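Data block for input16.pdb (PDB, C-alpha atoms):
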ATOM      1  CA  MET A 800      70.021 101.951  80.290
ATOM      2  CA  GLY A 801      72.491 103.837  78.119
ATOM      3  CA  ALA A 802      76.210 103.147  78.271
ATOM      4  CA  GLY A 803      78.064 105.661  80.370
ATOM      5  CA  ALA A 804      74.988 106.494  82.414
ATOM      6  CA  ALA A 805      75.091 106.491  86.197
ATOM      7  CA  ILE A 806      73.200 103.540  87.671
ATOM      8  CA  ALA A 807      71.302 104.152  90.878
ATOM      9  CA  GLY A 808      72.430 101.494  93.322
ATOM     10  CA  GLY A 809      69.869 102.225  96.024
ATOM     11  CA  PRO A 810      70.260 104.995  98.593
ATOM     12  CA  ALA A 811      73.523 106.886  98.459
ATOM     13  CA  PRO A 812      75.978 104.987 100.689
ATOM     14  CA  ALA A 813      77.773 106.576 103.606
ATOM     15  CA  ASP A 814      81.068 107.907 102.236
ATOM     16  CA  ARG A 815      83.445 107.175 105.081
ATOM     17  CA  HIS A 816      86.620 107.969 103.168
ATOM     18  CA  GLY A 817      84.980 111.050 101.640
ATOM     19  CA  GLU A 818      84.615 112.707 105.021
ATOM     20  CA  GLY A 819      88.335 113.092 105.774
ATOM     21  CA  GLU A 820      91.152 115.188 104.363
ATOM     22  CA  GLN A 821      90.538 113.639 100.938
ATOM     23  CA  ALA A 822      86.828 114.496 100.931
ATOM     24  CA  HIS A 823      85.389 114.423  97.433
ATOM     25  CA  ALA A 824      83.960 117.926  97.848
ATOM     26  CA  GLY A 825      87.314 119.395  98.896
ATOM     27  CA  PRO A 826      88.600 122.263  96.743
ATOM     28  CA  THR A 827      91.738 120.418  95.551
ATOM     29  CA  GLU A 828      90.586 116.781  95.608
ATOM     30  CA  THR A 829      89.746 116.539  91.901
ATOM     31  CA  ARG A 830      93.117 118.047  91.016
ATOM     32  CA  ARG A 831      94.847 115.559  93.331
ATOM     33  CA  LEU A 832      93.079 112.674  91.573
ATOM     34  CA  PHE A 833      94.081 113.946  88.122
ATOM     35  CA  LEU A 834      97.697 114.313  89.238
ATOM     36  CA  LEU A 835      97.612 110.818  90.716
ATOM     37  CA  GLN A 836      96.295 109.164  87.574
ATOM     38  CA  ARG A 837      98.893 110.971  85.462
ATOM     39  CA  LEU A 838     101.542 109.590  87.785
ATOM     40  CA  LEU A 839     100.255 106.007  87.885
ATOM     41  CA  ASP A 840      98.576 105.317  84.538
ATOM     42  CA  PRO A 841     101.681 104.309  82.532
ATOM     43  CA  GLU A 842     102.576 101.447  84.889
ATOM     44  CA  THR A 843      98.944 100.390  85.262
ATOM     45  CA  LYS A 844      98.485 100.138  81.498
ATOM     46  CA  ARG A 845     101.756  98.235  81.148
ATOM     47  CA  ILE A 846     100.617  95.649  83.675
ATOM     48  CA  LEU A 847      97.115  95.298  82.242
ATOM     49  CA  THR A 848      98.443  95.016  78.692
ATOM     50  CA  GLY A 849     100.690  92.173  79.845
ATOM     51  CA  LEU A 850      97.593  90.173  80.778
ATOM     52  CA  ARG A 851      96.579  90.038  77.102
ATOM     53  CA  ILE A 852      93.175  91.640  77.494
ATOM     54  CA  ARG A 853      90.614  90.298  75.033
ATOM     55  CA  PRO A 854      88.008  92.496  73.315
ATOM     56  CA  ASP A 855      85.123  90.520  74.847
ATOM     57  CA  TRP A 856      86.274  90.642  78.475
ATOM     58  CA  ARG A 857      83.972  91.792  81.262
ATOM     59  CA  CYS A 858      85.914  94.293  83.393
ATOM     60  CA  LEU A 859      85.299  95.975  86.730
ATOM     61  CA  GLU A 860      87.133  99.091  87.900
ATOM     62  CA  LEU A 861      86.564  99.523  91.648
ATOM     63  CA  GLY A 862      87.045 103.051  92.972
ATOM     64  CA  ALA A 863      87.374 104.526  89.490
ATOM     65  CA  GLY A 864      88.293 108.052  90.647
ATOM     66  CA  VAL A 865      88.243 110.366  87.648
ATOM     67  CA  GLY A 866      88.015 107.524  85.166
ATOM     68  CA  SER A 867      91.198 107.231  83.102
ATOM     69  CA  VAL A 868      91.670 103.464  83.555
ATOM     70  CA  ALA A 869      87.973 102.703  83.039
ATOM     71  CA  ARG A 870      87.979 104.740  79.829
ATOM     72  CA  TRP A 871      91.074 102.867  78.612
ATOM     73  CA  LEU A 872      89.493  99.499  79.432
ATOM     74  CA  GLY A 873      86.419 100.504  77.462
ATOM     75  CA  GLU A 874      88.648 101.044  74.436
ATOM     76  CA  GLN A 875      90.343  97.656  74.925
ATOM     77  CA  CYS A 876      87.096  95.704  75.330
ATOM     78  CA  PRO A 877      84.666  96.991  72.677
ATOM     79  CA  ASP A 878      82.840  93.643  72.548
ATOM     80  CA  GLY A 879      82.746  93.131  76.321
ATOM     81  CA  ARG A 880      81.495  95.055  79.310
ATOM     82  CA  VAL A 881      83.260  97.601  81.517
ATOM     83  CA  VAL A 882      81.766  98.749  84.822
ATOM     84  CA  ALA A 883      83.304 101.673  86.745
ATOM     85  CA  THR A 884      82.277 102.105  90.386
ATOM     86  CA  ASP A 885      82.793 104.665  93.119
ATOM     87  CA  LEU A 886      80.966 106.166  96.064
ATOM     88  CA  ASP A 887      80.920 109.528  94.275
ATOM     89  CA  VAL A 888      80.327 109.068  90.563
ATOM     90  CA  GLY A 889      80.169 112.799  89.803
ATOM     91  CA  PRO A 890      83.780 113.017  88.524
ATOM     92  CA  LEU A 891      83.117 110.076  86.166
ATOM     93  CA  ALA A 892      80.304 111.805  84.277
ATOM     94  CA  GLY A 893      81.458 112.369  80.717
ATOM     95  CA  ALA A 894      84.963 111.110  81.531
ATOM     96  CA  VAL A 895      84.778 107.385  80.803
ATOM     97  CA  GLY A 896      83.349 107.249  77.294
ATOM     98  CA  PRO A 897      80.249 105.565  75.871
ATOM     99  CA  ARG A 898      81.369 101.948  76.439
ATOM    100  CA  VAL A 899      81.620 102.196  80.237
ATOM    101  CA  GLU A 900      78.763 101.755  82.707
ATOM    102  CA  VAL A 901      79.038 103.914  85.831
ATOM    103  CA  LEU A 902      77.731 102.483  89.088
ATOM    104  CA  ARG A 903      77.448 104.186  92.469
ATOM    105  CA  HIS A 904      78.573 101.352  94.690
ATOM    106  CA  ASP A 905      79.763 100.834  98.268
ATOM    107  CA  VAL A 906      82.306  98.043  97.969
ATOM    108  CA  THR A 907      82.191  97.421 101.714
ATOM    109  CA  ALA A 908      78.458  96.595 101.677
ATOM    110  CA  GLU A 909      77.383  95.695  98.126
ATOM    111  CA  ALA A 910      78.558  92.808  95.973
ATOM    112  CA  PHE A 911      78.428  91.324  92.492
ATOM    113  CA  PRO A 912      77.490  87.727  91.682
ATOM    114  CA  THR A 913      80.225  85.108  91.815
ATOM    115  CA  GLY A 914      82.074  84.754  88.501
ATOM    116  CA  SER A 915      80.915  88.074  87.007
ATOM    117  CA  PHE A 916      84.199  89.446  85.629
ATOM    118  CA  ASP A 917      87.240  88.435  83.601
ATOM    119  CA  LEU A 918      89.285  91.350  84.972
ATOM    120  CA  ILE A 919      88.947  93.374  88.176
ATOM    121  CA  HIS A 920      91.267  96.336  88.731
ATOM    122  CA  ILE A 921      91.606  98.113  92.089
ATOM    123  CA  ARG A 922      93.944 101.086  92.530
ATOM    124  CA  MET A 923      94.553 103.278  95.570
ATOM    125  CA  LEU A 924      91.340 102.114  97.231
ATOM    126  CA  LEU A 925      91.847  99.249  99.670
ATOM    127  CA  PHE A 926      94.401 101.000 101.868
ATOM    128  CA  ASN A 927      91.651 103.535 102.657
ATOM    129  CA  LEU A 928      89.223 100.884 103.931
ATOM    130  CA  PRO A 929      89.324  99.339 107.420
ATOM    131  CA  ALA A 930      87.649  96.244 105.875
ATOM    132  CA  ARG A 931      90.326  96.011 103.158
ATOM    133  CA  ASP A 932      91.100  92.311 103.648
ATOM    134  CA  ALA A 933      87.451  91.274 103.437
ATOM    135  CA  VAL A 934      86.873  93.446 100.353
ATOM    136  CA  LEU A 935      89.854  91.887  98.570
ATOM    137  CA  ALA A 936      88.591  88.368  99.350
ATOM    138  CA  ARG A 937      85.123  89.233  98.035
ATOM    139  CA  ALA A 938      86.551  90.748  94.855
ATOM    140  CA  ALA A 939      88.391  87.483  94.199
ATOM    141  CA  ASP A 940      85.024  85.708  94.356
ATOM    142  CA  TRP A 941      83.607  87.987  91.654
ATOM    143  CA  LEU A 942      86.165  86.658  89.150
ATOM    144  CA  ALA A 943      85.223  84.109  86.512
ATOM    145  CA  PRO A 944      87.493  81.044  86.266
ATOM    146  CA  GLY A 945      90.736  82.238  84.687
ATOM    147  CA  GLY A 946      89.894  85.872  85.469
ATOM    148  CA  TRP A 947      92.522  88.305  86.790
ATOM    149  CA  LEU A 948      92.518  90.515  89.873
ATOM    150  CA  VAL A 949      94.998  93.424  89.722
ATOM    151  CA  VAL A 950      95.522  95.465  92.893
ATOM    152  CA  GLU A 951      97.731  98.585  93.129
ATOM    153  CA  GLU A 952      98.190 100.292  96.489
ATOM    154  CA  PRO A 953     100.715 102.706  98.060
ATOM    155  CA  ASP A 954     103.284 101.766 100.656
ATOM    156  CA  ALA A 955     105.194 104.485 102.499
ATOM    157  CA  PHE A 956     108.316 102.487 103.356
ATOM    158  CA  PRO A 957     110.711 104.571 101.149
ATOM    159  CA  ILE A 958     110.068 107.697 103.209
ATOM    160  CA  ASP A 959     111.615 106.100 106.308
ATOM    161  CA  SER A 960     115.124 106.520 104.895
ATOM    162  CA  SER A 961     114.614 109.996 103.404
ATOM    163  CA  PRO A 962     117.657 112.266 103.863
ATOM    164  CA  TYR A 963     115.300 115.292 104.033
ATOM    165  CA  PRO A 964     113.987 115.575 107.618
ATOM    166  CA  ALA A 965     111.305 118.137 106.738
ATOM    167  CA  PHE A 966     109.820 115.965 103.994
ATOM    168  CA  ARG A 967     110.085 112.783 106.048
ATOM    169  CA  ARG A 968     108.439 114.412 109.063
ATOM    170  CA  ALA A 969     105.557 115.852 107.004
ATOM    171  CA  VAL A 970     104.775 112.619 105.166
ATOM    172  CA  GLN A 971     104.905 110.533 108.340
ATOM    173  CA  ALA A 972     102.652 113.043 110.091
ATOM    174  CA  GLY A 973     100.216 112.746 107.185
ATOM    175  CA  GLU A 974     100.264 108.965 107.584
ATOM    176  CA  GLU A 975      99.412 109.316 111.264
ATOM    177  CA  LEU A 976      96.567 111.736 110.589
ATOM    178  CA  ALA A 977      95.082 109.520 107.875
ATOM    179  CA  ALA A 978      95.277 106.471 110.126
ATOM    180  CA  ARG A 979      93.493 108.322 112.948
ATOM    181  CA  THR A 980      90.751 109.974 110.927
ATOM    182  CA  GLU A 981      90.135 107.618 107.994
ATOM    183  CA  GLY A 982      91.532 104.255 108.997
ATOM    184  CA  MET A 983      94.171 104.311 106.260
ATOM    185  CA  ALA A 984      96.943 101.722 106.301
ATOM    186  CA  THR A 985      99.892 103.037 104.310
ATOM    187  CA  ARG A 986     102.097 100.046 105.277
ATOM    188  CA  TRP A 987      99.621  97.368 104.160
ATOM    189  CA  ALA A 988     100.430  96.949 100.469
ATOM    190  CA  ARG A 989     103.775  95.234 101.041
ATOM    191  CA  GLY A 990     101.866  91.989 101.679
ATOM    192  CA  LEU A 991      99.655  92.062  98.575
ATOM    193  CA  PRO A 992     101.033  88.860  96.985
ATOM    194  CA  GLU A 993     100.277  86.917 100.164
ATOM    195  CA  TYR A 994      96.793  88.443 100.415
ATOM    196  CA  LEU A 995      96.012  87.348  96.847
ATOM    197  CA  ARG A 996      97.310  83.854  97.542
ATOM    198  CA  ALA A 997      95.183  83.651 100.690
ATOM    199  CA  ALA A 998      92.158  84.604  98.582
ATOM    200  CA  GLY A 999      92.660  81.422  96.568
ATOM    201  CA  LEU A1000      94.288  82.977  93.489
ATOM    202  CA  VAL A1001      97.239  81.626  91.498
ATOM    203  CA  ASP A1002      99.939  82.803  89.046
ATOM    204  CA  LEU A1003     100.948  85.743  91.221
ATOM    205  CA  GLY A1004     102.846  88.679  89.745
ATOM    206  CA  LEU A1005     104.436  91.704  91.433
ATOM    207  CA  SER A1006     105.774  95.112  90.445
ATOM    208  CA  VAL A1007     107.061  97.746  92.871
ATOM    209  CA  LYS A1008     107.597 101.226  91.479
ATOM    210  CA  ILE A1009     109.149 103.996  93.569
ATOM    211  CA  GLN A1010     107.490 107.383  93.091
ATOM    212  CA  HIS A1011     109.639 110.517  93.356
ATOM    213  CA  ALA A1012     109.203 114.113  94.422
ATOM    214  CA  GLY A1013     111.305 117.153  93.505
ATOM    215  CA  ASN A1014     113.594 117.979  90.590
ATOM    216  CA  GLY A1015     110.711 118.115  88.130
ATOM    217  CA  ALA A1016     109.575 114.581  88.985
ATOM    218  CA  GLY A1017     106.010 113.693  88.097
ATOM    219  CA  GLY A1018     105.022 113.411  91.744
ATOM    220  CA  ASN A1019     106.233 116.868  92.756
ATOM    221  CA  GLU A1020     102.947 118.713  92.253
ATOM    222  CA  PHE A1021     100.975 115.760  93.606
ATOM    223  CA  TRP A1022     102.837 115.919  96.915
ATOM    224  CA  ARG A1023     102.491 119.709  97.101
ATOM    225  CA  VAL A1024      98.722 119.410  96.664
ATOM    226  CA  LEU A1025      98.436 116.506  99.111
ATOM    227  CA  LEU A1026     100.387 118.171 101.920
ATOM    228  CA  THR A1027      98.504 121.434 101.374
ATOM    229  CA  GLN A1028      95.231 119.493 101.545
ATOM    230  CA  TYR A1029      96.272 117.803 104.780
ATOM    231  CA  GLY A1030      97.754 121.002 106.219
ATOM    232  CA  PRO A1031      94.812 122.198 108.344
ATOM    233  CA  GLY A1032      94.378 118.753 109.900
ATOM    234  CA  LEU A1033      98.091 118.385 110.594
ATOM    235  CA  LEU A1034      98.253 121.770 112.271
ATOM    236  CA  GLY A1035      94.974 121.337 114.127
ATOM    237  CA  THR A1036      96.039 118.041 115.686
ATOM    238  CA  GLY A1037      99.517 119.258 116.534
ATOM    239  CA  LEU A1038     101.164 116.611 114.350
ATOM    240  CA  LEU A1039     103.051 119.412 112.574
ATOM    241  CA  THR A1040     103.866 122.998 113.420
ATOM    242  CA  GLU A1041     103.398 125.789 110.907
ATOM    243  CA  THR A1042     107.185 126.024 110.604
ATOM    244  CA  GLU A1043     107.511 122.297 109.859
ATOM    245  CA  LEU A1044     104.760 122.349 107.240
ATOM    246  CA  ALA A1045     106.222 125.436 105.567
ATOM    247  CA  ALA A1046     109.673 123.812 105.468
ATOM    248  CA  ALA A1047     108.259 120.714 103.751
ATOM    249  CA  LEU A1048     106.315 122.716 101.162
ATOM    250  CA  ALA A1049     109.350 124.923 100.439
ATOM    251  CA  LEU A1050     111.260 121.850  99.255
ATOM    252  CA  PHE A1051     109.043 121.624  96.174
ATOM    253  CA  ASP A1052     110.394 124.996  95.011
ATOM    254  CA  ASP A1053     114.019 123.979  95.623
ATOM    255  CA  PRO A1054     115.609 122.876  92.317
ATOM    256  CA  THR A1055     118.131 120.720  94.198
ATOM    257  CA  PHE A1056     115.486 118.676  96.022
ATOM    258  CA  VAL A1057     114.759 115.149  94.791
ATOM    259  CA  ASP A1058     113.649 112.237  96.940
ATOM    260  CA  ALA A1059     111.863 108.890  96.935
ATOM    261  CA  ALA A1060     108.400 109.555  98.315
ATOM    262  CA  HIS A1061     106.470 106.289  98.363
ATOM    263  CA  ALA A1062     106.166 102.990  96.532
ATOM    264  CA  THR A1063     103.289 101.755  94.427
ATOM    265  CA  VAL A1064     102.947  98.023  95.014
ATOM    266  CA  SER A1065     101.130  96.331  92.124
ATOM    267  CA  ALA A1066     100.195  92.664  92.417
ATOM    268  CA  TRP A1067      98.038  90.461  90.238
ATOM    269  CA  ALA A1068      96.778  86.889  90.183
ATOM    270  CA  ARG A1069      94.068  84.835  88.524
ATOM    271  CA  ARG A1070      91.239  82.658  89.706
ATOM    272  CA  PRO A1071      92.044  79.011  88.984
ATOM    273  CA  THR A1072      90.276  77.211  86.162
ATOM    274  CA  PHE A1073      88.828  73.761  86.586
ATOM    275  CA  GLY A1074      91.995  72.316  85.082
ATOM    276  CA  ASP A1075      94.115  73.834  87.866
ATOM    277  CA  GLY A1076      92.763  71.430  90.485
ATOM    278  CA  PRO A1077      91.068  72.317  93.803
ATOM    279  CA  ARG A1078      90.948  75.999  94.677
ATOM    280  CA  PRO A1079      92.629  76.903  97.995
ATOM    281  CA  ARG A1080      90.296  78.021 100.747
ATOM    282  CA  ALA A1081      89.617  81.757 100.495
ATOM    283  CA  GLY A1082      89.053  84.151 103.357
ATOM    284  CA  PRO A1083      85.583  84.811 104.735
ATOM    285  CA  SER A1084      83.244  86.764 102.483
ATOM    286  CA  ALA A1085      81.225  89.649 103.808
ATOM    287  CA  ALA A1086      77.432  89.439 103.578
ATOM    288  CA  ARG A1087      75.964  90.747 100.348
ATOM    289  CA  SER A1088      73.640  93.697 100.386
ATOM    290  CA  ALA A1089      70.042  92.867  99.551
ATOM    291  CA  GLY A1090      69.947  95.878  97.264
ATOM    292  CA  THR A1091      72.862  94.792  95.081
ATOM    293  CA  ARG A1092      72.161  94.921  91.374
ATOM    294  CA  SER A1093      73.014  92.020  89.129
ATOM    295  CA  SER A1094      75.802  92.802  86.720
ATOM    296  CA  GLY A1095      74.048  90.914  83.938
ATOM    297  CA  ALA A1096      77.381  89.301  83.122
ATOM    298  CA  ARG A1097      77.786  85.965  81.408
ATOM    299  CA  SER A1098      78.694  82.981  83.536
ATOM    300  CA  SER A1099      81.813  81.897  81.705
ATOM    301  CA  GLY A1100      85.159  83.660  81.563
ATOM    302  CA  PRO A1101      88.463  83.192  79.764
ATOM    303  CA  GLN A1102      90.066  79.816  80.354
ATOM    304  CA  SER A1103      93.651  80.785  81.097
ATOM    305  CA  SER A1104      93.406  83.522  78.496
ATOM    306  CA  GLY A1105      96.081  85.516  80.319
ATOM    307  CA  PRO A1106      99.727  84.433  80.256
ATOM    308  CA  ARG A1107     100.391  81.496  82.568
ATOM    309  CA  SER A1108     103.550  83.248  83.712
ATOM    310  CA  SER A1109     101.315  85.918  85.374
ATOM    311  CA  GLY A1110     102.088  88.863  83.145
ATOM    312  CA  PRO A1111     104.811  91.528  83.367
ATOM    313  CA  GLN A1112     107.404  90.972  86.049
ATOM    314  CA  SER A1113     109.913  93.828  85.841
ATOM    315  CA  ALA A1114     109.722  95.621  89.160
ATOM    316  CA  GLY A1115     110.329  99.315  89.695
ATOM    317  CA  ARG A1116     110.504 100.241  86.039
TER
END
So that I can check it, write out the structure of this file as structure tokens.
Amino acid sequence: MGAGAAIAGGPAPADRHGEGEQAHAGPTETRRLFLLQRLLDPETKRILTGLRIRPDWRCLELGAGVGSVARWLGEQCPDGRVVATDLDVGPLAGAVGPRVEVLRHDVTAEAFPTGSFDLIHIRMLLFNLPARDAVLARAADWLAPGGWLVVEEPDAFPIDSSPYPAFRRAVQAGEELAARTEGMATRWARGLPEYLRAAGLVDLGLSVKIQHAGNGAGGNEFWRVLLTQYGPGLLGTGLLTETELAAALALFDDPTFVDAAHATVSAWARRPTFGDGPRPRAGPSAARSAGTRSSGARSSGPQSSGPRSSGPQSAGR
């Protein structure tokens, strides 16, 4: 099996998230993903760098999107192993570099052996999944002792106080549509530190970064593409009128418009080592798929190789 090659993980899984407004085959979905990674990558790399990644770490990128973080991890871990997974691995072809293995994988139904990875990174994935809590608990089990789980998810709480009614109305309507059609939970991420603790992890860290729209902000084009993508569904369900949608989109061409759009909540924690004492009881694990492939990973991981203080702490920077 060559590095960077797609690994067949059994029959193609049902792509629940891929059937909604953010369907992988949609005409603007790849552009949305590129805009999103450009917006989020700097903070992600800052957090991961703070964990003092070692060249021999075994890393897993769940829901790798268009591959920027997986590619970066491959560069950081030339003596280790980096696995990038997604339901649709097409956008990852040729994007992640020769050191990254690409695996078509349904995280809600397929698992990895306990203790397989020294670092697991999940970004903008769990809030899409109705089984998000169970998936997070299972991911914690895939960590080696001392291994880190880093989860980054959106929370829409900043939009509630927006002084721009048209923008606030459109974003909240999009939240409602996504909840109805895809099971999204855009108010879930606020509790990430508690979810990691409940999964039996320790040394929790937290960063909350507010993303902006308007006035040349990095998120301006992302929000234009997202609302345009959701437009037909919003109009078809009556959640927005054509006038309301047009008013929201017009804001992105207004040089005086600038607003807080949503927050990215990033939280991280590590699996205890034997020297940390008994591990707290984790949540229930979902049953593993009989067709799951072994990762081939070694059984031992870093023993507190990350900083005991849990990495970078400066929120909102």
Atom CA of A:Thr913 to atom CA of A:Arg1069, straight-line distance in Å: 14.2 Å
Where does the PyMOL selection byres ((chain A and resi 1019) around 12) land in this file, that is, which residues does it pick, as a short mmCIF file (atom, residue, chain, number, x, y, z; two decimals) with C-alpha atoms, in the frame of the given file?
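The result, written out as part-v3.cif:
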data_model
loop_
_atom_site.label_atom_id
_atom_site.label_comp_id
_atom_site.auth_asym_id
_atom_site.auth_seq_id
_atom_site.Cartn_x
_atom_site.Cartn_y
_atom_site.Cartn_z
CA ARG A 831 94.85 115.56 93.33
CA LEU A 834 97.70 114.31 89.24
CA LEU A 835 97.61 110.82 90.72
CA ARG A 837 98.89 110.97 85.46
CA LEU A 838 101.54 109.59 87.78
CA PHE A 966 109.82 115.96 103.99
CA GLN A 1010 107.49 107.38 93.09
CA HIS A 1011 109.64 110.52 93.36
CA ALA A 1012 109.20 114.11 94.42
CA GLY A 1013 111.30 117.15 93.50
CA ASN A 1014 113.59 117.98 90.59
CA GLY A 1015 110.71 118.12 88.13
CA ALA A 1016 109.58 114.58 88.98
CA GLY A 1017 106.01 113.69 88.10
CA GLY A 1018 105.02 113.41 91.74
CA GLU A 1020 102.95 118.71 92.25
CA PHE A 1021 100.98 115.76 93.61
CA TRP A 1022 102.84 115.92 96.92
CA ARG A 1023 102.49 119.71 97.10
CA VAL A 1024 98.72 119.41 96.66
CA LEU A 1025 98.44 116.51 99.11
CA LEU A 1026 100.39 118.17 101.92
CA ALA A 1047 108.26 120.71 103.75
CA LEU A 1048 106.32 122.72 101.16
CA ALA A 1049 109.35 124.92 100.44
CA LEU A 1050 111.26 121.85 99.26
CA PHE A 1051 109.04 121.62 96.17
CA ASP A 1052 110.39 125.00 95.01
CA ASP A 1053 114.02 123.98 95.62
CA PRO A 1054 115.61 122.88 92.32
CA PHE A 1056 115.49 118.68 96.02
CA VAL A 1057 114.76 115.15 94.79
CA ASP A 1058 113.65 112.24 96.94
CA ALA A 1059 111.86 108.89 96.94
CA ALA A 1060 108.40 109.56 98.32
CA HIS A 1061 106.47 106.29 98.36
#
Distance of atom CA of A:Pro992 from atom CA of A:Lys844, expressed in Å to one decimal place: 19.3 Å
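Atom pair atom CA of A:Val970 / atom CA of A:Tyr1029: separated by 10.0 Å.
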Stretch 898-993 of chain A near stretch 858-867 of chain A within 8 Å: what's each residue's closest atom pair and its distance in Å to one decimal, counting all atoms listed in the file, ordered by chain then ascending residue number, as CSV?
residue,atom,partner,partner_atom,distance
A:Val906,CA,A:Leu861,CA,7.8
A:Phe916,CA,A:Cys858,CA,5.6
A:Asp917,CA,A:Cys858,CA,6.0
A:Leu918,CA,A:Cys858,CA,4.7
A:Ile919,CA,A:Leu859,CA,4.7
A:His920,CA,A:Glu860,CA,5.0
A:Ile921,CA,A:Leu861,CA,5.3
A:Arg922,CA,A:Gly862,CA,7.2
A:Met923,CA,A:Gly862,CA,7.9
A:Leu924,CA,A:Gly862,CA,6.1
Selection from above, C-alpha atoms, as a PDB file, in the frame of the given file, can you write it?
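Once written, again_28.pdb looks like this:
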ATOM      1  CA  VAL A 906      82.306  98.043  97.969  1.00  0.00           C
ATOM      2  CA  PHE A 916      84.199  89.446  85.629  1.00  0.00           C
ATOM      3  CA  ASP A 917      87.240  88.435  83.601  1.00  0.00           C
ATOM      4  CA  LEU A 918      89.285  91.350  84.972  1.00  0.00           C
ATOM      5  CA  ILE A 919      88.947  93.374  88.176  1.00  0.00           C
ATOM      6  CA  HIS A 920      91.267  96.336  88.731  1.00  0.00           C
ATOM      7  CA  ILE A 921      91.606  98.113  92.089  1.00  0.00           C
ATOM      8  CA  ARG A 922      93.944 101.086  92.530  1.00  0.00           C
ATOM      9  CA  MET A 923      94.553 103.278  95.570  1.00  0.00           C
ATOM     10  CA  LEU A 924      91.340 102.114  97.231  1.00  0.00           C
TER      11      LEU A 924
END
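Here the PyMOL selection byres ((chain A and resi 978-987) around 8) matches the residues Arg815, His816, Gly819, Phe926, Asn927, Leu928, Pro929, Pro953, Asp954, Ala955, Phe956, Glu974, Glu975, Leu976, Ala977, Ala988, Arg989, Gly990 and Leu991 of chain A.
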Kindly export the residues of the current selection with C-alpha atoms, as an mmCIF file, in the coordinates of the input.
data_model
loop_
_atom_site.group_PDB
_atom_site.id
_atom_site.type_symbol
_atom_site.label_atom_id
_atom_site.label_comp_id
_atom_site.auth_asym_id
_atom_site.auth_seq_id
_atom_site.Cartn_x
_atom_site.Cartn_y
_atom_site.Cartn_z
ATOM 1 C CA ARG A 815 83.445 107.175 105.081
ATOM 2 C CA HIS A 816 86.620 107.969 103.168
ATOM 3 C CA GLY A 819 88.335 113.092 105.774
ATOM 4 C CA PHE A 926 94.401 101.000 101.868
ATOM 5 C CA ASN A 927 91.651 103.535 102.657
ATOM 6 C CA LEU A 928 89.223 100.884 103.931
ATOM 7 C CA PRO A 929 89.324 99.339 107.420
ATOM 8 C CA PRO A 953 100.715 102.706 98.060
ATOM 9 C CA ASP A 954 103.284 101.766 100.656
ATOM 10 C CA ALA A 955 105.194 104.485 102.499
ATOM 11 C CA PHE A 956 108.316 102.487 103.356
ATOM 12 C CA GLU A 974 100.264 108.965 107.584
ATOM 13 C CA GLU A 975 99.412 109.316 111.264
ATOM 14 C CA LEU A 976 96.567 111.736 110.589
ATOM 15 C CA ALA A 977 95.082 109.520 107.875
ATOM 16 C CA ALA A 988 100.430 96.949 100.469
ATOM 17 C CA ARG A 989 103.775 95.234 101.041
ATOM 18 C CA GLY A 990 101.866 91.989 101.679
ATOM 19 C CA LEU A 991 99.655 92.062 98.575
#
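Using all atoms listed in the file, the nearest neighbour of A:Gly946 within the list A:Leu850, A:Glu1043, A:Pro962, A:Gly893 is A:Leu850.
Among A:Ala938, A:Glu1041, A:Leu847, A:Lys1008, the residue with the shortest atom-to-atom distance to A:Pro957, counting all atoms listed in the file, is A:Lys1008.
Shortest atom-to-atom contact with A:Pro912 among A:Leu891, A:Ala943, A:Leu839, A:Leu925: A:Ala943, counting all atoms listed in the file.
Distances to A:Thr1036 were evaluated for A:Ala972, A:Ser960, A:Phe1073, A:Arg996 using all atoms listed in the file, and the minimum falls at A:Ala972.
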Evaluate the PyMOL selection byres ((chain A and resi 995) around 9) and report residues as a list in words: Leu935, Ala936, Ala939, Leu948, Gly990, Leu991, Pro992, Glu993, Tyr994, Arg996, Ala997, Ala998, Gly999, Leu1000, Val1001, Leu1003, Ala1066, Trp1067, Ala1068 and Arg1069 of chain A
Closest of A:Ala965, A:Val949, A:Ala1046, A:Ile1009 to A:Arg1070 - atom-to-atom distances counting all atoms listed in the file: A:Val949
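For the set A:Arg903, A:Glu842, A:Thr1042, A:Pro877, the residue with the smallest atom-to-atom gap to A:Gly1030 is A:Thr1042, counting only C-alpha atoms.
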Edge lengths and centre in Å, axis-aligned, stretch 866-871 of chain A plus 8 Å each side, as AutoDock Vina command-line options:
--center_x 89.8 --center_y 105.1 --center_z 81.9 --size_x 19.7 --size_y 20.8 --size_z 22.6
